[in-house]
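*Asks:* File follows, start13.txt with compact mmCIF, C-alpha atoms and all ligand atoms:
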# COMPACT_ATOMS: atom_id res chain seq x y z
CA MET N 1 -53.66 -17.94 -14.83
CA THR N 2 -51.11 -20.72 -15.21
CA GLY N 3 -47.52 -19.59 -15.35
CA ILE N 4 -47.98 -15.99 -14.27
CA ARG N 5 -45.48 -15.01 -11.53
CA SER N 6 -47.03 -15.43 -8.11
CA VAL N 7 -46.19 -11.84 -7.08
CA ILE N 8 -48.18 -10.56 -10.06
CA ALA N 9 -51.13 -12.85 -9.32
CA ALA N 10 -51.10 -11.69 -5.68
CA MET N 11 -50.97 -7.94 -6.34
CA GLU N 12 -53.92 -5.70 -7.04
CA GLY N 13 -52.29 -3.51 -9.68
CA TYR N 14 -52.08 0.26 -9.71
CA ALA N 15 -55.50 1.89 -9.80
CA ALA N 16 -55.15 5.02 -11.93
CA GLY N 17 -57.54 7.92 -11.40
CA GLU N 18 -60.80 7.59 -13.31
CA GLN N 19 -60.52 8.59 -16.97
CA PRO N 20 -64.14 8.66 -18.19
CA GLN N 21 -64.18 8.15 -21.94
CA ALA N 22 -67.79 9.17 -22.36
CA GLY N 23 -70.03 11.87 -20.94
CA LYS N 24 -69.14 15.33 -19.87
CA PHE N 25 -67.29 15.69 -16.57
CA ILE N 26 -65.42 18.50 -14.92
CA LYS N 27 -62.26 16.54 -14.38
CA LEU N 28 -60.28 17.56 -11.32
CA ASN N 29 -59.01 14.12 -10.32
CA THR N 30 -55.68 13.40 -12.02
CA ASN N 31 -53.79 16.70 -11.87
CA GLU N 32 -53.86 17.30 -15.58
CA ASN N 33 -53.43 20.83 -16.85
CA PRO N 34 -56.84 22.24 -17.83
CA TYR N 35 -55.45 24.32 -20.73
CA PRO N 36 -54.30 23.18 -24.17
CA PRO N 37 -50.51 22.97 -24.67
CA SER N 38 -48.36 25.50 -26.50
CA PRO N 39 -49.36 25.81 -30.20
CA GLN N 40 -45.69 25.17 -30.97
CA VAL N 41 -46.20 21.62 -29.66
CA ILE N 42 -49.01 20.91 -32.11
CA ALA N 43 -46.99 22.38 -35.01
CA ALA N 44 -43.96 20.22 -34.09
CA ILE N 45 -46.05 17.05 -33.85
CA GLU N 46 -47.69 17.74 -37.21
CA SER N 47 -44.33 18.37 -38.79
CA ALA N 48 -42.84 15.19 -37.29
CA ALA N 49 -45.81 13.19 -38.58
CA ARG N 50 -45.38 14.65 -42.06
CA GLN N 51 -41.69 13.71 -42.05
CA GLY N 52 -42.87 10.11 -41.81
CA LEU N 53 -43.34 7.49 -39.14
CA GLU N 54 -41.98 4.50 -40.99
CA ARG N 55 -38.59 4.63 -39.25
CA TYR N 56 -37.88 3.93 -35.59
CA PRO N 57 -37.37 7.06 -33.49
CA ASP N 58 -34.05 8.24 -32.06
CA PRO N 59 -33.46 5.88 -29.10
CA LEU N 60 -31.78 8.66 -27.09
CA SER N 61 -34.26 11.48 -27.86
CA THR N 62 -31.24 13.60 -28.78
CA ALA N 63 -33.25 16.62 -29.96
CA PHE N 64 -34.89 16.82 -26.53
CA ARG N 65 -31.63 16.37 -24.64
CA LEU N 66 -30.01 19.22 -26.60
CA GLN N 67 -33.03 21.44 -25.98
CA ALA N 68 -32.81 20.65 -22.25
CA GLU N 69 -29.14 21.58 -22.30
CA GLN N 70 -30.13 25.00 -23.70
CA VAL N 71 -33.18 25.63 -21.54
CA LEU N 72 -32.30 23.96 -18.23
CA GLY N 73 -28.51 24.14 -18.43
CA VAL N 74 -28.21 20.37 -17.86
CA PRO N 75 -25.68 18.62 -20.14
CA ALA N 76 -27.29 16.19 -22.61
CA ASP N 77 -25.49 13.15 -21.19
CA TRP N 78 -27.05 13.84 -17.75
CA ILE N 79 -30.53 13.20 -19.21
CA LEU N 80 -32.55 10.03 -19.80
CA CYS N 81 -35.91 10.41 -21.55
CA GLY N 82 -38.96 8.30 -20.84
CA ASN N 83 -42.50 7.51 -21.92
CA GLY N 84 -43.92 9.69 -19.17
CA SER N 85 -42.15 9.99 -15.83
CA ASP N 86 -43.78 6.71 -14.77
CA ASP N 87 -41.49 5.05 -17.32
CA ILE N 88 -38.53 6.77 -15.63
CA LEU N 89 -39.67 5.49 -12.22
CA THR N 90 -39.90 1.98 -13.68
CA ILE N 91 -36.43 2.19 -15.25
CA VAL N 92 -34.89 3.46 -12.02
CA THR N 93 -36.59 0.76 -9.94
CA ARG N 94 -35.43 -1.94 -12.34
CA GLY N 95 -31.94 -0.44 -12.37
CA PHE N 96 -31.44 -0.33 -8.60
CA ALA N 97 -33.69 -2.86 -6.91
CA ASP N 98 -32.05 -6.24 -7.16
CA SER N 99 -33.72 -9.35 -5.87
CA GLY N 100 -34.32 -9.40 -2.11
CA SER N 101 -33.64 -5.69 -1.71
CA LEU N 102 -35.61 -2.94 0.02
CA LEU N 103 -37.05 0.37 -1.22
CA ARG N 104 -37.95 3.26 1.07
CA LEU N 105 -40.98 5.46 0.42
CA PRO N 106 -42.55 8.31 2.34
CA TYR N 107 -46.17 7.89 3.44
CA PRO N 108 -48.64 9.00 2.27
CA SER N 109 -47.25 9.53 -1.21
CA TYR N 110 -47.49 8.34 -4.81
CA ILE N 111 -48.98 4.82 -4.75
CA LEU N 112 -47.18 3.73 -7.91
CA TYR N 113 -43.83 3.32 -6.09
CA ARG N 114 -45.34 0.47 -4.11
CA THR N 115 -46.68 -1.13 -7.29
CA LEU N 116 -43.24 -0.92 -8.90
CA ALA N 117 -41.73 -2.65 -5.87
CA GLN N 118 -44.37 -5.39 -6.11
CA ILE N 119 -43.71 -5.99 -9.81
CA GLN N 120 -39.96 -6.09 -9.16
CA ASP N 121 -40.62 -8.50 -6.26
CA VAL N 122 -38.73 -6.44 -3.72
CA ARG N 123 -39.69 -5.23 -0.27
CA TRP N 124 -40.69 -1.67 0.52
CA GLU N 125 -40.88 0.30 3.68
CA GLU N 126 -43.15 3.31 4.16
CA ILE N 127 -41.99 6.08 6.48
CA SER N 128 -44.72 8.48 7.58
CA PHE N 129 -44.32 12.17 7.06
CA GLN N 130 -44.24 14.14 10.31
CA SER N 131 -47.18 16.41 11.11
CA ASP N 132 -45.48 19.35 9.34
CA TRP N 133 -44.91 17.18 6.23
CA SER N 134 -41.16 16.94 6.80
CA LEU N 135 -39.34 13.62 7.11
CA GLY N 136 -37.62 12.58 10.32
CA ASP N 137 -34.47 10.54 10.95
CA ASP N 138 -36.32 7.28 10.35
CA PHE N 139 -36.34 8.12 6.62
CA THR N 140 -32.55 8.05 6.47
CA GLN N 141 -31.81 5.15 8.85
CA PRO N 142 -29.53 2.45 7.42
CA ALA N 143 -31.28 -0.86 6.71
CA ASP N 144 -30.08 -4.12 5.26
CA ASP N 145 -30.39 -4.27 1.48
CA LEU N 146 -31.79 -0.74 1.17
CA ARG N 147 -31.18 0.16 -2.48
CA LEU N 148 -33.28 3.21 -3.32
CA ALA N 149 -35.48 5.86 -1.71
CA PHE N 150 -38.24 7.83 -3.45
CA LEU N 151 -39.26 11.36 -2.57
CA PRO N 152 -42.06 13.04 -4.51
CA ASN N 153 -41.32 16.74 -4.14
CA PRO N 154 -43.85 18.40 -4.20
CA ASN N 155 -45.54 15.39 -2.68
CA SER N 156 -48.84 13.92 -3.80
CA PRO N 157 -51.43 13.98 -2.26
CA SER N 158 -50.31 16.74 0.13
CA GLY N 159 -48.82 19.21 -2.36
CA THR N 160 -46.15 19.97 0.25
CA MET N 161 -42.45 20.30 -0.37
CA ILE N 162 -39.16 19.67 1.36
CA ALA N 163 -36.70 22.50 0.71
CA PRO N 164 -33.67 21.63 -1.48
CA GLU N 165 -31.11 22.06 1.32
CA ALA N 166 -33.11 19.63 3.49
CA VAL N 167 -33.32 17.19 0.57
CA LEU N 168 -29.55 17.35 0.20
CA GLU N 169 -29.21 16.56 3.88
CA LEU N 170 -31.56 13.58 3.56
CA ALA N 171 -29.53 12.32 0.60
CA GLU N 172 -26.26 12.70 2.48
CA GLN N 173 -27.61 10.71 5.42
CA LEU N 174 -29.25 7.99 3.34
CA PRO N 175 -27.18 4.89 2.66
CA CYS N 176 -28.66 4.62 -0.86
CA PRO N 177 -29.54 6.84 -3.87
CA LEU N 178 -32.56 9.15 -3.65
CA LEU N 179 -34.95 9.69 -6.53
CA VAL N 180 -36.58 13.10 -6.19
CA ASP N 181 -39.79 12.87 -8.22
CA GLU N 182 -40.44 16.41 -9.44
CA ALA N 183 -43.58 15.76 -11.49
CA TYR N 184 -45.06 18.97 -10.00
CA ALA N 185 -41.92 21.08 -9.53
CA ASP N 186 -42.82 23.68 -12.16
CA PHE N 187 -45.68 24.81 -9.89
CA ALA N 188 -43.40 25.14 -6.86
CA GLN N 189 -41.24 28.00 -5.66
CA THR N 190 -38.05 25.99 -5.92
CA ASN N 191 -36.70 22.61 -7.04
CA CYS N 192 -33.79 20.21 -6.61
CA LEU N 193 -32.35 20.16 -10.13
CA GLU N 194 -29.07 21.77 -9.18
CA LEU N 195 -28.54 19.20 -6.40
CA VAL N 196 -27.80 16.52 -8.99
CA ALA N 197 -24.41 18.09 -9.67
CA ARG N 198 -23.74 18.40 -5.93
CA SER N 199 -24.53 14.81 -5.00
CA GLU N 200 -24.14 11.68 -7.06
CA LYS N 201 -26.80 10.11 -4.84
CA ILE N 202 -29.53 12.44 -6.10
CA MET N 203 -31.58 11.84 -9.24
CA VAL N 204 -34.43 14.10 -10.32
CA SER N 205 -37.37 13.06 -12.52
CA ARG N 206 -39.67 15.47 -14.36
CA SER N 207 -42.97 15.08 -16.20
CA PHE N 208 -44.53 16.82 -19.20
CA SER N 209 -48.00 15.71 -18.13
CA LYS N 210 -48.70 18.50 -15.67
CA SER N 211 -46.98 21.84 -16.24
CA TYR N 212 -46.68 21.39 -20.04
CA ALA N 213 -50.26 20.12 -20.45
CA LEU N 214 -49.11 16.98 -22.28
CA ALA N 215 -50.52 14.08 -20.23
CA GLY N 216 -51.84 12.55 -23.44
CA LEU N 217 -48.44 12.63 -25.16
CA ARG N 218 -46.44 10.71 -22.51
CA PHE N 219 -43.03 12.24 -21.94
CA GLY N 220 -40.80 12.61 -18.91
CA PHE N 221 -37.10 12.63 -18.16
CA LEU N 222 -34.50 11.88 -15.53
CA VAL N 223 -31.51 14.02 -14.59
CA ALA N 224 -28.63 12.15 -12.98
CA GLN N 225 -24.86 12.08 -13.16
CA PRO N 226 -23.65 10.67 -16.50
CA THR N 227 -22.14 7.50 -15.04
CA LEU N 228 -25.63 6.59 -13.77
CA ILE N 229 -27.40 7.60 -16.98
CA GLU N 230 -25.00 5.36 -18.90
CA GLN N 231 -26.11 2.39 -16.79
CA LEU N 232 -29.83 3.19 -16.82
CA LEU N 233 -29.82 3.49 -20.62
CA LYS N 234 -29.23 -0.27 -20.64
CA VAL N 235 -32.45 -0.81 -18.71
CA LYS N 236 -34.91 1.19 -20.81
CA ASP N 237 -36.81 -0.19 -23.79
CA SER N 238 -34.89 0.54 -27.00
CA TYR N 239 -37.46 2.98 -28.37
CA ASN N 240 -39.24 4.09 -25.23
CA CYS N 241 -40.11 7.54 -26.61
CA ASP N 242 -41.88 7.80 -29.95
CA ALA N 243 -41.11 10.33 -32.68
CA LEU N 244 -44.20 12.44 -32.00
CA SER N 245 -43.62 12.73 -28.26
CA ILE N 246 -39.95 13.62 -28.74
CA ALA N 247 -40.93 16.38 -31.20
CA GLY N 248 -43.77 17.63 -28.99
CA ALA N 249 -41.80 17.65 -25.74
CA THR N 250 -38.83 19.35 -27.41
CA ALA N 251 -41.10 22.13 -28.70
CA ALA N 252 -42.85 22.42 -25.33
CA LEU N 253 -39.56 22.88 -23.50
CA GLY N 254 -38.58 25.50 -26.07
CA ASP N 255 -41.66 27.61 -25.30
CA GLN N 256 -40.84 28.84 -21.80
CA GLN N 257 -43.09 31.85 -22.23
CA TRP N 258 -46.09 29.50 -22.54
CA LEU N 259 -44.93 27.68 -19.41
CA SER N 260 -44.65 30.86 -17.41
CA GLU N 261 -48.06 32.19 -18.51
CA ASN N 262 -49.73 28.86 -17.82
CA ARG N 263 -48.10 28.64 -14.41
CA ASP N 264 -49.39 32.11 -13.50
CA LYS N 265 -52.94 31.10 -14.43
CA VAL N 266 -52.77 27.82 -12.49
CA LEU N 267 -51.23 29.43 -9.41
CA GLY N 268 -53.87 32.19 -9.47
CA THR N 269 -56.66 29.60 -9.51
CA ARG N 270 -54.91 27.51 -6.84
CA GLN N 271 -54.98 30.52 -4.55
CA VAL N 272 -58.74 30.92 -5.10
CA LEU N 273 -59.33 27.19 -4.53
CA GLU N 274 -57.31 27.16 -1.30
CA SER N 275 -58.92 30.22 0.20
CA ARG N 276 -62.50 29.33 -0.75
CA LEU N 277 -62.10 25.78 0.59
CA ALA N 278 -60.84 27.22 3.87
CA GLU N 279 -63.85 29.56 3.99
CA LEU N 280 -66.09 26.52 3.55
CA GLY N 281 -64.55 24.94 6.65
CA PHE N 282 -62.10 22.56 4.99
CA GLN N 283 -58.66 21.96 6.45
CA VAL N 284 -56.41 22.84 3.54
CA VAL N 285 -52.71 22.06 3.23
CA PRO N 286 -50.90 24.96 1.46
CA SER N 287 -49.92 23.54 -1.93
CA GLN N 288 -46.81 23.89 -4.08
CA ALA N 289 -48.41 21.83 -6.85
CA ASN N 290 -51.40 22.01 -9.22
CA PHE N 291 -53.75 20.36 -6.73
CA VAL N 292 -54.97 20.90 -3.21
CA TRP N 293 -55.37 18.31 -0.45
CA CYS N 294 -58.26 18.98 1.91
CA THR N 295 -60.27 17.33 4.62
CA HIS N 296 -63.44 18.32 6.43
CA SER N 297 -64.02 17.58 10.08
CA GLU N 298 -67.79 17.19 9.71
CA ARG N 299 -68.30 15.69 6.27
CA SER N 300 -66.90 12.38 5.04
CA ALA N 301 -64.54 12.85 2.11
CA LYS N 302 -65.95 9.74 0.46
CA THR N 303 -69.50 11.07 0.57
CA LEU N 304 -68.42 14.44 -0.80
CA TYR N 305 -66.55 12.69 -3.61
CA GLU N 306 -69.61 10.61 -4.46
CA GLU N 307 -71.95 13.57 -4.33
CA LEU N 308 -69.69 15.61 -6.61
CA LYS N 309 -69.39 12.69 -9.02
CA ALA N 310 -73.16 12.37 -9.20
CA GLU N 311 -73.12 15.99 -10.36
CA ARG N 312 -70.42 15.23 -12.90
CA VAL N 313 -67.48 16.76 -11.07
CA LEU N 314 -64.63 14.30 -10.55
CA VAL N 315 -62.16 14.87 -7.74
CA ARG N 316 -59.84 12.24 -6.21
CA TYR N 317 -60.93 10.58 -3.00
CA MET N 318 -58.00 9.02 -1.19
CA ASN N 319 -57.88 6.92 1.90
CA TYR N 320 -54.50 6.11 3.42
CA PRO N 321 -54.82 3.47 6.13
CA GLY N 322 -53.34 4.74 9.37
CA TRP N 323 -53.22 8.27 8.01
CA GLY N 324 -56.72 9.23 7.03
CA GLU N 325 -58.86 10.18 4.11
CA GLY N 326 -59.30 13.34 2.10
CA LEU N 327 -59.97 14.90 -1.26
CA ARG N 328 -57.29 15.84 -3.73
CA ILE N 329 -58.70 18.49 -6.04
CA SER N 330 -56.75 19.42 -9.17
CA VAL N 331 -56.53 23.06 -10.17
CA GLY N 332 -58.78 23.35 -13.21
CA THR N 333 -59.74 26.48 -15.09
CA GLY N 334 -61.26 29.31 -13.05
CA GLU N 335 -64.73 28.26 -14.23
CA GLN N 336 -64.24 24.58 -13.40
CA VAL N 337 -62.97 25.38 -9.91
CA SER N 338 -65.84 27.83 -9.30
CA ALA N 339 -68.36 25.17 -10.36
CA CYS N 340 -66.80 22.64 -7.97
CA LEU N 341 -66.72 25.15 -5.10
CA GLU N 342 -70.32 26.16 -5.75
CA LEU N 343 -71.41 22.52 -5.43
CA LEU N 344 -69.34 22.01 -2.27
CA LYS N 345 -70.90 25.13 -0.74
CA GLY N 346 -74.27 23.39 -0.80
CA LYS N 347 -72.87 20.27 0.90
CA VAL N 348 -70.82 21.45 3.90
C1 LIG N 401 -45.80 12.11 -7.93
C2 LIG N 401 -46.03 11.70 -9.34
N1 LIG N 401 -45.00 11.24 -10.05
C3 LIG N 401 -45.15 10.84 -11.33
C4 LIG N 401 -46.38 10.90 -11.96
C5 LIG N 401 -46.50 10.35 -13.35
O1 LIG N 401 -46.48 11.29 -14.32
P1 LIG N 401 -46.37 10.93 -15.85
O2 LIG N 401 -47.66 11.30 -16.47
O3 LIG N 401 -45.22 11.78 -16.34
O4 LIG N 401 -46.06 9.47 -16.00
C6 LIG N 401 -47.48 11.38 -11.26
C7 LIG N 401 -48.81 11.41 -11.92
O5 LIG N 401 -49.82 11.69 -11.41
C8 LIG N 401 -47.30 11.79 -9.92
O6 LIG N 401 -48.35 12.23 -9.20
Rewrite the structure of this file - the entire thing - as structure tokens.
Ligand SMILES: Cc1ncc(COP(=O)(O)O)c(C=O)c1O
*Replies:*
Amino acid sequence: MTGIRSVIAAMEGYAAGEQPQAGKFIKLNTNENPYPPSPQVIAAIESAARQGLERYPDPLSTAFRLQAEQVLGVPADWILCGNGSDDILTIVTRGFADSGSLLRLPYPSYILYRTLAQIQDVRWEEISFQSDWSLGDDFTQPADDLRLAFLPNPNSPSGTMIAPEAVLELAEQLPCPLLVDEAYADFAQTNCLELVARSEKIMVSRSFSKSYALAGLRFGFLVAQPTLIEQLLKVKDSYNCDALSIAGATAALGDQQWLSENRDKVLGTRQVLESRLAELGFQVVPSQANFVWCTHSERSAKTLYEELKAERVLVRYMNYPGWGEGLRISVGTGEQVSACLELLKGKV
């Protein structure tokens, strides 16, 4: 591996959830939406493909930004589009974390933030959530070279949320900008979008992979004040969103009725999953997302994960050193969740 940067050689790399390409699995491990997207998305992608793919796409995803202005009431120049929200997280990290600096992350949370810090060759500091899944003063303490803090809200793996007013308080106390990662916000009771106008320190990222059922398309976006967007546009790849994903995401955002019906289905199944898991003796954290985090005092999460996998049901086993292990189960269709619960019933 001659020539590769030593930080890259030393790191393990982000381990994404299993994506089996063969065989039939009930897949409840990567928080995808179990339903197909709005038919308007498919029509828009087909139409964009027919218009031709020989030209480069619009570097600014203007059609999407204008749609977001209509639907979300966020001015177009407050929006930066990305190839999935992971691309947004990368752009923001590259934009803020200069050499020798420090990033602050809650713990346990989305593992990718740590990977992004490693690739950027900067330090990171993990601050544990308190037992009620809030963040204490240590999250906002000043520190030398602190450049950026991440807050997944709702958080993964817990599915818990910090209320917008408390997020605003955290941002006001922090000596650096705060990226509120709202990949799961459409499943929650509230969100932090309107805080962006109230504090120039707050940025909000959103994903189309979960609530819009478009994980395979790759689209996400950032909302931040225009002076920041102007700078971050310099960091992104020139054509980071392709013509098909821009068309598909624009159509998806335009079909809010689909979103609301899908959300009702997912939240209905989440309720069933939470209550049945509790009946089976699991400790369940009430979720604001499309997954549920649970632990069992008598059965090892790893064994349960393995046993389910052997029966072709994939859930996510997670072990956070110093915190503990558990299962993160995505909200599938009613049938998928019933099948998973039925198997668990025989094991606990
Ligand atoms: C907290 C969090 N943020 C961001 C993402 C990435 O989403 P996307 O598919 O938009 O890149 C995920 C995906 O699982 C996530 O859990």
*Asks:* Just to confirm, what's the straight-line distance from atom CA of N:Ile246 to atom CA of N:Gly84 in Å (one decimal)?
*Replies:*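 Those two atoms sit 11.1 Å apart.
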*Asks:* For the contact check between chain N and ligand LIG 401 (chain N), emit one row per residue of chain N within 6 Å, containing the shortest atom pair and the distance in Å rounded to one decimal, counting all atoms listed in the file, chain then rising number order, as a Markdown table.
*Replies:*
| residue | atom | partner | partner_atom | distance |
| --- | --- | --- | --- | --- |
| N:Gly84 | CA | N:LIG401 | O3 | 3.8 |
| N:Ser85 | CA | N:LIG401 | O3 | 3.6 |
| N:Asp86 | CA | N:LIG401 | O4 | 3.8 |
| N:Tyr110 | CA | N:LIG401 | C1 | 5.2 |
| N:Pro152 | CA | N:LIG401 | C1 | 5.2 |
| N:Ser156 | CA | N:LIG401 | C1 | 5.4 |
| N:Asp181 | CA | N:LIG401 | N1 | 5.8 |
| N:Ala183 | CA | N:LIG401 | N1 | 5.0 |
| N:Ser207 | CA | N:LIG401 | O3 | 4.0 |
| N:Phe208 | CA | N:LIG401 | O3 | 5.8 |
| N:Ser209 | CA | N:LIG401 | O2 | 4.7 |
| N:Ala215 | CA | N:LIG401 | O2 | 5.5 |
| N:Gly220 | CA | N:LIG401 | O3 | 5.2 |
*Asks:* Go through N:Leu105, N:Ile42, N:Ala243, N:Val7 one by one, measure the shortest atom-to-atom distance of each to N:Gln120 using all atoms listed in the file, and give the residue with the smallest value.
*Replies:* N:Val7
*Asks:* Could you tell me which of N:Tyr14, N:Trp293, N:Phe96, N:Phe64 comes closest to N:Ala252 if we count only C-alpha atoms?
*Replies:*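 Smallest separation from N:Ala252 among the options: N:Phe64.
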*Asks:* Rounded to one decimal, what separation in Å do you get between atom CA of N:Tyr239 and atom CA of N:Pro59?
*Replies:*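 So the answer is 5.0 Å.
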*Asks:* Would you list the contacts of N:Gly100 as JSON, numbers by chain, taking every protein, DNA or RNA residue within 12 Å and counting only C-alpha atoms, but skipping same-chain residues closer than 3 positions in sequence?
*Replies:* {"N": [96, 97, 103, 117, 118, 120, 121, 122, 123, 124, 144, 145, 146, 147]}
*Asks:* Skip N:Met161 itself and residues of its chain fewer than 2 positions away, then list as a count of residues only all residues within 10 Å of it, counting all atoms listed in the file.
*Replies:* 22
*Asks:* In Å, with one decimal, what is the gap from atom CA of N:Ile229 to atom CA of N:Val41?
*Replies:*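 Straight-line distance from atom CA of N:Ile229 to atom CA of N:Val41 works out to 26.7 Å.
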*Asks:* Would you kindly return, as a PyMOL selection string, each protein, DNA or RNA residue with an atom no farther than 8 Å from any atom of N:Val337, considering all atoms listed in the file and excluding same-chain residues fewer than 4 positions away?
*Replies:* chain N and resi 269+273+331-333+341
*Asks:* I need the residue nearest N:Thr93 from this list: N:Pro177, N:Ile79, N:Ala197, N:Ser61. Use only C-alpha atoms for the distance.
*Replies:* N:Pro177
*Asks:* Between N:Tyr317, N:Tyr212, N:Thr227, N:Leu102, which residue has the minimum interatomic distance to N:Trp258, considering all atoms listed in the file?
*Replies:*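 Selected residue with least distance to N:Trp258: N:Tyr212.
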